[in-house]
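*Asks:* Below is the file data.pdb, with PDB, N, CA and C atoms.
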```
ATOM      1  N   MET A   1    -114.808 120.862-123.083  1.00  0.00           N
ATOM      2  CA  MET A   1    -114.727 121.095-121.661  1.00  0.00           C
ATOM      3  C   MET A   1    -113.450 121.897-121.377  1.00  0.00           C
ATOM      4  N   SER A   2    -113.595 123.043-120.781  1.00  0.00           N
ATOM      5  CA  SER A   2    -112.427 123.854-120.470  1.00  0.00           C
ATOM      6  C   SER A   2    -112.140 123.756-118.978  1.00  0.00           C
ATOM      7  N   SER A   3    -110.879 123.731-118.689  1.00  0.00           N
ATOM      8  CA  SER A   3    -110.498 123.692-117.279  1.00  0.00           C
ATOM      9  C   SER A   3    -110.078 125.091-116.874  1.00  0.00           C
ATOM     10  N   LYS A   4    -110.624 125.532-115.807  1.00  0.00           N
ATOM     11  CA  LYS A   4    -110.345 126.880-115.325  1.00  0.00           C
ATOM     12  C   LYS A   4    -109.671 126.777-113.969  1.00  0.00           C
ATOM     13  N   ILE A   5    -108.522 127.374-113.856  1.00  0.00           N
ATOM     14  CA  ILE A   5    -107.783 127.346-112.594  1.00  0.00           C
ATOM     15  C   ILE A   5    -108.178 128.591-111.812  1.00  0.00           C
ATOM     16  N   THR A   6    -108.633 128.360-110.619  1.00  0.00           N
ATOM     17  CA  THR A   6    -109.008 129.489-109.775  1.00  0.00           C
ATOM     18  C   THR A   6    -108.060 129.542-108.591  1.00  0.00           C
ATOM     19  N   ALA A   7    -107.811 130.743-108.152  1.00  0.00           N
ATOM     20  CA  ALA A   7    -106.917 130.934-107.010  1.00  0.00           C
ATOM     21  C   ALA A   7    -107.655 130.557-105.729  1.00  0.00           C
ATOM     22  N   LEU A   8    -106.903 130.059-104.768  1.00  0.00           N
ATOM     23  CA  LEU A   8    -107.486 129.736-103.474  1.00  0.00           C
ATOM     24  C   LEU A   8    -107.806 131.031-102.735  1.00  0.00           C
ATOM     25  N   PRO A   9    -108.853 131.015-101.961  1.00  0.00           N
ATOM     26  CA  PRO A   9    -109.125 132.188-101.134  1.00  0.00           C
ATOM     27  C   PRO A   9    -107.984 132.422-100.151  1.00  0.00           C
ATOM     28  N   ALA A  10    -107.834 133.650 -99.720  1.00  0.00           N
ATOM     29  CA  ALA A  10    -106.733 134.006 -98.819  1.00  0.00           C
ATOM     30  C   ALA A  10    -106.724 133.142 -97.567  1.00  0.00           C
ATOM     31  N   ARG A  11    -107.880 132.819 -97.054  1.00  0.00           N
ATOM     32  CA  ARG A  11    -107.957 131.999 -95.838  1.00  0.00           C
ATOM     33  C   ARG A  11    -107.415 130.595 -96.091  1.00  0.00           C
ATOM     34  N   SER A  12    -107.734 130.013 -97.254  1.00  0.00           N
ATOM     35  CA  SER A  12    -107.232 128.683 -97.596  1.00  0.00           C
ATOM     36  C   SER A  12    -105.718 128.700 -97.738  1.00  0.00           C
ATOM     37  N   THR A  13    -105.191 129.754 -98.348  1.00  0.00           N
ATOM     38  CA  THR A  13    -103.742 129.879 -98.503  1.00  0.00           C
ATOM     39  C   THR A  13    -103.064 129.941 -97.143  1.00  0.00           C
ATOM     40  N   THR A  14    -103.666 130.654 -96.220  1.00  0.00           N
ATOM     41  CA  THR A  14    -103.116 130.756 -94.864  1.00  0.00           C
ATOM     42  C   THR A  14    -103.124 129.391 -94.179  1.00  0.00           C
ATOM     43  N   VAL A  15    -104.180 128.635 -94.346  1.00  0.00           N
ATOM     44  CA  VAL A  15    -104.268 127.304 -93.749  1.00  0.00           C
ATOM     45  C   VAL A  15    -103.210 126.384 -94.346  1.00  0.00           C
ATOM     46  N   VAL A  16    -103.018 126.457 -95.660  1.00  0.00           N
ATOM     47  CA  VAL A  16    -102.005 125.627 -96.319  1.00  0.00           C
ATOM     48  C   VAL A  16    -100.620 125.979 -95.799  1.00  0.00           C
ATOM     49  N   ARG A  17    -100.322 127.255 -95.675  1.00  0.00           N
ATOM     50  CA  ARG A  17     -99.008 127.675 -95.146  1.00  0.00           C
ATOM     51  C   ARG A  17     -98.818 127.210 -93.713  1.00  0.00           C
ATOM     52  N   LEU A  18     -99.871 127.310 -92.925  1.00  0.00           N
ATOM     53  CA  LEU A  18     -99.802 126.878 -91.532  1.00  0.00           C
ATOM     54  C   LEU A  18     -99.563 125.375 -91.437  1.00  0.00           C
ATOM     55  N   LEU A  19    -100.282 124.599 -92.232  1.00  0.00           N
ATOM     56  CA  LEU A  19    -100.061 123.147 -92.250  1.00  0.00           C
ATOM     57  C   LEU A  19     -98.645 122.806 -92.702  1.00  0.00           C
ATOM     58  N   ASP A  20     -98.157 123.516 -93.694  1.00  0.00           N
ATOM     59  CA  ASP A  20     -96.802 123.282 -94.181  1.00  0.00           C
ATOM     60  C   ASP A  20     -95.782 123.540 -93.077  1.00  0.00           C
ATOM     61  N   ARG A  21     -95.964 124.659 -92.369  1.00  0.00           N
ATOM     62  CA  ARG A  21     -95.006 125.032 -91.332  1.00  0.00           C
ATOM     63  C   ARG A  21     -95.103 124.140 -90.099  1.00  0.00           C
ATOM     64  N   LEU A  22     -96.319 123.750 -89.713  1.00  0.00           N
ATOM     65  CA  LEU A  22     -96.506 123.012 -88.467  1.00  0.00           C
ATOM     66  C   LEU A  22     -96.529 121.499 -88.622  1.00  0.00           C
ATOM     67  N   VAL A  23     -96.772 120.998 -89.838  1.00  0.00           N
ATOM     68  CA  VAL A  23     -96.886 119.549 -90.023  1.00  0.00           C
ATOM     69  C   VAL A  23     -95.880 119.025 -91.039  1.00  0.00           C
ATOM     70  N   VAL A  24     -95.922 119.540 -92.251  1.00  0.00           N
ATOM     71  CA  VAL A  24     -95.132 118.974 -93.334  1.00  0.00           C
ATOM     72  C   VAL A  24     -93.632 119.140 -93.101  1.00  0.00           C
ATOM     73  N   LYS A  25     -93.180 120.344 -92.813  1.00  0.00           N
ATOM     74  CA  LYS A  25     -91.735 120.570 -92.622  1.00  0.00           C
ATOM     75  C   LYS A  25     -91.176 119.832 -91.406  1.00  0.00           C
ATOM     76  N   PRO A  26     -91.844 119.879 -90.254  1.00  0.00           N
ATOM     77  CA  PRO A  26     -91.324 119.089 -89.126  1.00  0.00           C
ATOM     78  C   PRO A  26     -91.292 117.585 -89.407  1.00  0.00           C
ATOM     79  N   LEU A  27     -92.298 117.087 -90.120  1.00  0.00           N
ATOM     80  CA  LEU A  27     -92.323 115.668 -90.453  1.00  0.00           C
ATOM     81  C   LEU A  27     -91.183 115.306 -91.400  1.00  0.00           C
ATOM     82  N   ALA A  28     -90.921 116.142 -92.387  1.00  0.00           N
ATOM     83  CA  ALA A  28     -89.818 115.895 -93.314  1.00  0.00           C
ATOM     84  C   ALA A  28     -88.475 115.976 -92.595  1.00  0.00           C
ATOM     85  N   SER A  29     -88.345 116.911 -91.681  1.00  0.00           N
ATOM     86  CA  SER A  29     -87.109 117.045 -90.905  1.00  0.00           C
ATOM     87  C   SER A  29     -86.888 115.820 -90.017  1.00  0.00           C
ATOM     88  N   TRP A  30     -87.955 115.360 -89.365  1.00  0.00           N
ATOM     89  CA  TRP A  30     -87.855 114.163 -88.525  1.00  0.00           C
ATOM     90  C   TRP A  30     -87.440 112.961 -89.356  1.00  0.00           C
ATOM     91  N   ARG A  31     -88.031 112.817 -90.541  1.00  0.00           N
ATOM     92  CA  ARG A  31     -87.702 111.672 -91.408  1.00  0.00           C
ATOM     93  C   ARG A  31     -86.242 111.722 -91.853  1.00  0.00           C
ATOM     94  N   ALA A  32     -85.750 112.909 -92.173  1.00  0.00           N
ATOM     95  CA  ALA A  32     -84.347 113.045 -92.569  1.00  0.00           C
ATOM     96  C   ALA A  32     -83.420 112.657 -91.421  1.00  0.00           C
ATOM     97  N   ARG A  33     -83.776 113.057 -90.185  1.00  0.00           N
ATOM     98  CA  ARG A  33     -82.962 112.667 -89.022  1.00  0.00           C
ATOM     99  C   ARG A  33     -83.007 111.159 -88.804  1.00  0.00           C
ATOM    100  N   GLN A  34     -84.175 110.552 -88.986  1.00  0.00           N
ATOM    101  CA  GLN A  34     -84.303 109.097 -88.831  1.00  0.00           C
ATOM    102  C   GLN A  34     -83.442 108.356 -89.850  1.00  0.00           C
ATOM    103  N   LEU A  35     -83.438 108.838 -91.095  1.00  0.00           N
ATOM    104  CA  LEU A  35     -82.616 108.200 -92.129  1.00  0.00           C
ATOM    105  C   LEU A  35     -81.130 108.334 -91.801  1.00  0.00           C
ATOM    106  N   ALA A  36     -80.727 109.510 -91.345  1.00  0.00           N
ATOM    107  CA  ALA A  36     -79.325 109.711 -90.971  1.00  0.00           C
ATOM    108  C   ALA A  36     -78.943 108.806 -89.806  1.00  0.00           C
ATOM    109  N   LEU A  37     -79.829 108.690 -88.840  1.00  0.00           N
ATOM    110  CA  LEU A  37     -79.581 107.816 -87.691  1.00  0.00           C
ATOM    111  C   LEU A  37     -79.419 106.366 -88.139  1.00  0.00           C
ATOM    112  N   GLU A  38     -80.294 105.917 -89.026  1.00  0.00           N
ATOM    113  CA  GLU A  38     -80.206 104.546 -89.528  1.00  0.00           C
ATOM    114  C   GLU A  38     -78.909 104.312 -90.296  1.00  0.00           C
ATOM    115  N   GLU A  39     -78.533 105.264 -91.138  1.00  0.00           N
ATOM    116  CA  GLU A  39     -77.318 105.102 -91.943  1.00  0.00           C
ATOM    117  C   GLU A  39     -76.064 105.104 -91.080  1.00  0.00           C
ATOM    118  N   LEU A  40     -75.995 106.017 -90.113  1.00  0.00           N
ATOM    119  CA  LEU A  40     -74.814 106.060 -89.248  1.00  0.00           C
ATOM    120  C   LEU A  40     -74.748 104.828 -88.347  1.00  0.00           C
ATOM    121  N   THR A  41     -75.868 104.374 -87.851  1.00  0.00           N
ATOM    122  CA  THR A  41     -75.903 103.188 -86.989  1.00  0.00           C
ATOM    123  C   THR A  41     -75.464 101.948 -87.758  1.00  0.00           C
ATOM    124  N   ALA A  42     -75.707 101.909 -89.057  1.00  0.00           N
ATOM    125  CA  ALA A  42     -75.332 100.749 -89.876  1.00  0.00           C
ATOM    126  C   ALA A  42     -73.824 100.681 -90.129  1.00  0.00           C
ATOM    127  N   LEU A  43     -73.092 101.789 -89.929  1.00  0.00           N
ATOM    128  CA  LEU A  43     -71.645 101.783 -90.155  1.00  0.00           C
ATOM    129  C   LEU A  43     -70.939 101.020 -89.039  1.00  0.00           C
ATOM    130  N   ASP A  44     -69.809 100.390 -89.370  1.00  0.00           N
ATOM    131  CA  ASP A  44     -69.038  99.718 -88.322  1.00  0.00           C
ATOM    132  C   ASP A  44     -68.180 100.755 -87.586  1.00  0.00           C
ATOM    133  N   ASP A  45     -67.604 100.340 -86.462  1.00  0.00           N
ATOM    134  CA  ASP A  45     -66.858 101.263 -85.612  1.00  0.00           C
ATOM    135  C   ASP A  45     -65.655 101.882 -86.320  1.00  0.00           C
ATOM    136  N   HIS A  46     -65.018 101.133 -87.206  1.00  0.00           N
ATOM    137  CA  HIS A  46     -63.866 101.669 -87.931  1.00  0.00           C
ATOM    138  C   HIS A  46     -64.286 102.788 -88.883  1.00  0.00           C
ATOM    139  N   MET A  47     -65.411 102.594 -89.551  1.00  0.00           N
ATOM    140  CA  MET A  47     -65.894 103.639 -90.457  1.00  0.00           C
ATOM    141  C   MET A  47     -66.326 104.874 -89.670  1.00  0.00           C
ATOM    142  N   LEU A  48     -66.953 104.677 -88.525  1.00  0.00           N
ATOM    143  CA  LEU A  48     -67.323 105.817 -87.689  1.00  0.00           C
ATOM    144  C   LEU A  48     -66.082 106.568 -87.222  1.00  0.00           C
ATOM    145  N   ALA A  49     -65.041 105.833 -86.852  1.00  0.00           N
ATOM    146  CA  ALA A  49     -63.791 106.471 -86.432  1.00  0.00           C
ATOM    147  C   ALA A  49     -63.180 107.267 -87.587  1.00  0.00           C
ATOM    148  N   ASP A  50     -63.307 106.767 -88.796  1.00  0.00           N
ATOM    149  CA  ASP A  50     -62.777 107.482 -89.964  1.00  0.00           C
ATOM    150  C   ASP A  50     -63.437 108.840 -90.148  1.00  0.00           C
ATOM    151  N   ILE A  51     -64.712 108.935 -89.807  1.00  0.00           N
ATOM    152  CA  ILE A  51     -65.388 110.226 -89.949  1.00  0.00           C
ATOM    153  C   ILE A  51     -65.397 111.015 -88.645  1.00  0.00           C
ATOM    154  N   GLY A  52     -64.732 110.483 -87.633  1.00  0.00           N
ATOM    155  CA  GLY A  52     -64.495 111.238 -86.403  1.00  0.00           C
ATOM    156  C   GLY A  52     -65.602 111.196 -85.371  1.00  0.00           C
ATOM    157  N   ILE A  53     -66.414 110.140 -85.369  1.00  0.00           N
ATOM    158  CA  ILE A  53     -67.450 110.030 -84.344  1.00  0.00           C
ATOM    159  C   ILE A  53     -67.448 108.634 -83.736  1.00  0.00           C
ATOM    160  N   THR A  54     -68.025 108.530 -82.562  1.00  0.00           N
ATOM    161  CA  THR A  54     -68.180 107.232 -81.914  1.00  0.00           C
ATOM    162  C   THR A  54     -69.655 106.846 -81.974  1.00  0.00           C
ATOM    163  N   ARG A  55     -69.931 105.596 -81.733  1.00  0.00           N
ATOM    164  CA  ARG A  55     -71.294 105.096 -81.788  1.00  0.00           C
ATOM    165  C   ARG A  55     -72.190 105.831 -80.777  1.00  0.00           C
ATOM    166  N   GLY A  56     -71.655 106.148 -79.625  1.00  0.00           N
ATOM    167  CA  GLY A  56     -72.433 106.839 -78.598  1.00  0.00           C
ATOM    168  C   GLY A  56     -72.780 108.273 -78.949  1.00  0.00           C
ATOM    169  N   GLU A  57     -72.038 108.864 -79.882  1.00  0.00           N
ATOM    170  CA  GLU A  57     -72.292 110.251 -80.280  1.00  0.00           C
ATOM    171  C   GLU A  57     -73.351 110.381 -81.377  1.00  0.00           C
ATOM    172  N   ILE A  58     -73.716 109.276 -82.001  1.00  0.00           N
ATOM    173  CA  ILE A  58     -74.630 109.328 -83.154  1.00  0.00           C
ATOM    174  C   ILE A  58     -75.937 110.062 -82.837  1.00  0.00           C
ATOM    175  N   PRO A  59     -76.664 109.718 -81.771  1.00  0.00           N
ATOM    176  CA  PRO A  59     -77.930 110.431 -81.529  1.00  0.00           C
ATOM    177  C   PRO A  59     -77.742 111.938 -81.331  1.00  0.00           C
ATOM    178  N   GLY A  60     -76.704 112.338 -80.627  1.00  0.00           N
ATOM    179  CA  GLY A  60     -76.452 113.762 -80.405  1.00  0.00           C
ATOM    180  C   GLY A  60     -76.089 114.499 -81.672  1.00  0.00           C
ATOM    181  N   ILE A  61     -75.310 113.860 -82.524  1.00  0.00           N
ATOM    182  CA  ILE A  61     -74.911 114.484 -83.782  1.00  0.00           C
ATOM    183  C   ILE A  61     -76.116 114.619 -84.709  1.00  0.00           C
ATOM    184  N   VAL A  62     -76.914 113.576 -84.796  1.00  0.00           N
ATOM    185  CA  VAL A  62     -78.092 113.606 -85.676  1.00  0.00           C
ATOM    186  C   VAL A  62     -79.098 114.654 -85.201  1.00  0.00           C
ATOM    187  N   SER A  63     -79.260 114.803 -83.898  1.00  0.00           N
ATOM    188  CA  SER A  63     -80.206 115.785 -83.371  1.00  0.00           C
ATOM    189  C   SER A  63     -79.666 117.205 -83.444  1.00  0.00           C
ATOM    190  N   GLY A  64     -78.367 117.353 -83.708  1.00  0.00           N
ATOM    191  CA  GLY A  64     -77.763 118.681 -83.804  1.00  0.00           C
ATOM    192  C   GLY A  64     -77.297 119.232 -82.476  1.00  0.00           C
ATOM    193  N   LYS A  65     -77.386 118.439 -81.423  1.00  0.00           N
ATOM    194  CA  LYS A  65     -76.983 118.896 -80.100  1.00  0.00           C
ATOM    195  C   LYS A  65     -75.497 118.693 -79.835  1.00  0.00           C
ATOM    196  N   LEU A  66     -74.830 117.939 -80.702  1.00  0.00           N
ATOM    197  CA  LEU A  66     -73.422 117.621 -80.523  1.00  0.00           C
ATOM    198  C   LEU A  66     -72.701 117.771 -81.855  1.00  0.00           C
ATOM    199  N   ALA A  67     -71.604 118.497 -81.844  1.00  0.00           N
ATOM    200  CA  ALA A  67     -70.826 118.655 -83.075  1.00  0.00           C
ATOM    201  C   ALA A  67     -69.834 117.500 -83.184  1.00  0.00           C
ATOM    202  N   PRO A  68     -69.680 116.932 -84.375  1.00  0.00           N
ATOM    203  CA  PRO A  68     -68.717 115.841 -84.530  1.00  0.00           C
ATOM    204  C   PRO A  68     -67.292 116.354 -84.409  1.00  0.00           C
ATOM    205  N   HIS A  69     -66.410 115.509 -83.883  1.00  0.00           N
ATOM    206  CA  HIS A  69     -64.994 115.847 -83.828  1.00  0.00           C
ATOM    207  C   HIS A  69     -64.430 115.708 -85.226  1.00  0.00           C
ATOM    208  N   ARG A  70     -63.485 116.530 -85.561  1.00  0.00           N
ATOM    209  CA  ARG A  70     -62.875 116.440 -86.889  1.00  0.00           C
ATOM    210  C   ARG A  70     -61.922 115.251 -86.908  1.00  0.00           C
ATOM    211  N   ALA A  71     -62.047 114.414 -87.916  1.00  0.00           N
ATOM    212  CA  ALA A  71     -61.165 113.259 -88.058  1.00  0.00           C
ATOM    213  C   ALA A  71     -59.738 113.742 -88.294  1.00  0.00           C
ATOM    214  N   VAL A  72     -58.796 113.048 -87.712  1.00  0.00           N
ATOM    215  CA  VAL A  72     -57.394 113.406 -87.857  1.00  0.00           C
ATOM    216  C   VAL A  72     -56.823 112.674 -89.055  1.00  0.00           C
ATOM    217  N   ASN A  73     -56.216 113.424 -89.957  1.00  0.00           N
ATOM    218  CA  ASN A  73     -55.559 112.826 -91.110  1.00  0.00           C
ATOM    219  C   ASN A  73     -54.106 112.606 -90.738  1.00  0.00           C
ATOM    220  N   GLU A  74     -53.711 111.354 -90.564  1.00  0.00           N
ATOM    221  CA  GLU A  74     -52.347 111.041 -90.142  1.00  0.00           C
ATOM    222  C   GLU A  74     -51.342 111.321 -91.236  1.00  0.00           C
ATOM    223  N   ASN A  75     -51.781 111.561 -92.474  1.00  0.00           N
ATOM    224  CA  ASN A  75     -50.858 111.836 -93.579  1.00  0.00           C
ATOM    225  C   ASN A  75     -50.463 113.299 -93.664  1.00  0.00           C
ATOM    226  N   GLU A  76     -51.204 114.176 -92.979  1.00  0.00           N
ATOM    227  CA  GLU A  76     -50.874 115.607 -92.992  1.00  0.00           C
ATOM    228  C   GLU A  76     -49.965 115.930 -91.798  1.00  0.00           C
ATOM    229  N   PRO A  77     -48.983 116.790 -92.010  1.00  0.00           N
ATOM    230  CA  PRO A  77     -48.138 117.188 -90.866  1.00  0.00           C
ATOM    231  C   PRO A  77     -48.979 118.020 -89.895  1.00  0.00           C
ATOM    232  N   SER A  78     -48.696 117.849 -88.598  1.00  0.00           N
ATOM    233  CA  SER A  78     -49.458 118.601 -87.597  1.00  0.00           C
ATOM    234  C   SER A  78     -48.984 120.039 -87.555  1.00  0.00           C
ATOM    235  N   ALA A  79     -49.803 120.937 -87.054  1.00  0.00           N
ATOM    236  CA  ALA A  79     -49.475 122.360 -86.984  1.00  0.00           C
ATOM    237  C   ALA A  79     -48.368 122.594 -85.958  1.00  0.00           C
ATOM    238  N   ALA A  80     -48.254 121.712 -84.962  1.00  0.00           N
ATOM    239  CA  ALA A  80     -47.249 121.879 -83.908  1.00  0.00           C
ATOM    240  C   ALA A  80     -45.853 121.488 -84.397  1.00  0.00           C
ATOM    241  N   ALA A  81     -45.754 120.733 -85.485  1.00  0.00           N
ATOM    242  CA  ALA A  81     -44.460 120.231 -85.936  1.00  0.00           C
ATOM    243  C   ALA A  81     -43.650 121.278 -86.651  1.00  0.00           C
TER     244      ALA A  81
END
```
Turn this file's structure into structure tokens for me.

*Replies:*
Amino acid sequence: MSSKITALPARSTTVVRLLDRLVVKPLASWRARQLALEELTALDDHMLADIGITRGEIPGIVSGKLAPHRAVNENEPSAAA
């Protein structure tokens, strides 16, 4: 018994690409945001402060609508000094 691999017709390839773009990629992106939201929400307030965000900023940061503030390293001299 020989197995023969045949190429998909052009129309099938177009449907696969369309499904990938409209279903698979958005679903994977949503899942990645959900995981990030869960992980950040599980951190305590001190750990969130260490990375420069507050609990209220988590949804905005995960959605990409809000940029996180840069954490201040108290061991580095400030530029104003």

*Asks:* Name the residues in contact with Leu40 in chain A at a cut-off of 10 Å, using only C-alpha atoms, excluding same-chain residues fewer than 3 positions from it; report them as a ChimeraX atom specification.

*Replies:* /A:34-37,43-45,47-48,53-55,58-59,62

*Asks:* Hey, can you check how far atom C of Glu57 in chain A sits from atom N of Thr41 in chain A?

*Replies:* 9.2 Å

*Asks:* Need the axis-aligned box for range 30-43 of chain A with 3 Å each side, so what are the centre and edges in Å to one decimal, as AutoDock Vina command-line options?

*Replies:*
```
--center_x -79.5 --center_y 108.0 --center_z -89.8 --size_x 23.1 --size_y 20.7 --size_z 11.6
```

*Asks:* What does the structure give for the distance between atom C of Ser63 in chain A and atom C of Arg33 in chain A, in Å to one decimal?

*Replies:*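 Going from atom C of Ser63 in chain A over to atom C of Arg33 in chain A covers 8.7 Å.
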
*Asks:* What separation in Å, quoted to one decimal, exists between atom C of His69 in chain A and atom N of Gly52 in chain A?

*Replies:* 5.8 Å

*Asks:* Mind the document's chain letters and residue numbers, and return as an NGL selection string the residues of range 15-61 of chain A that DSSP labels alpha helix (DSSP H).

*Replies:* :A and (15-19 or 25-42 or 45-50 or 58-61)
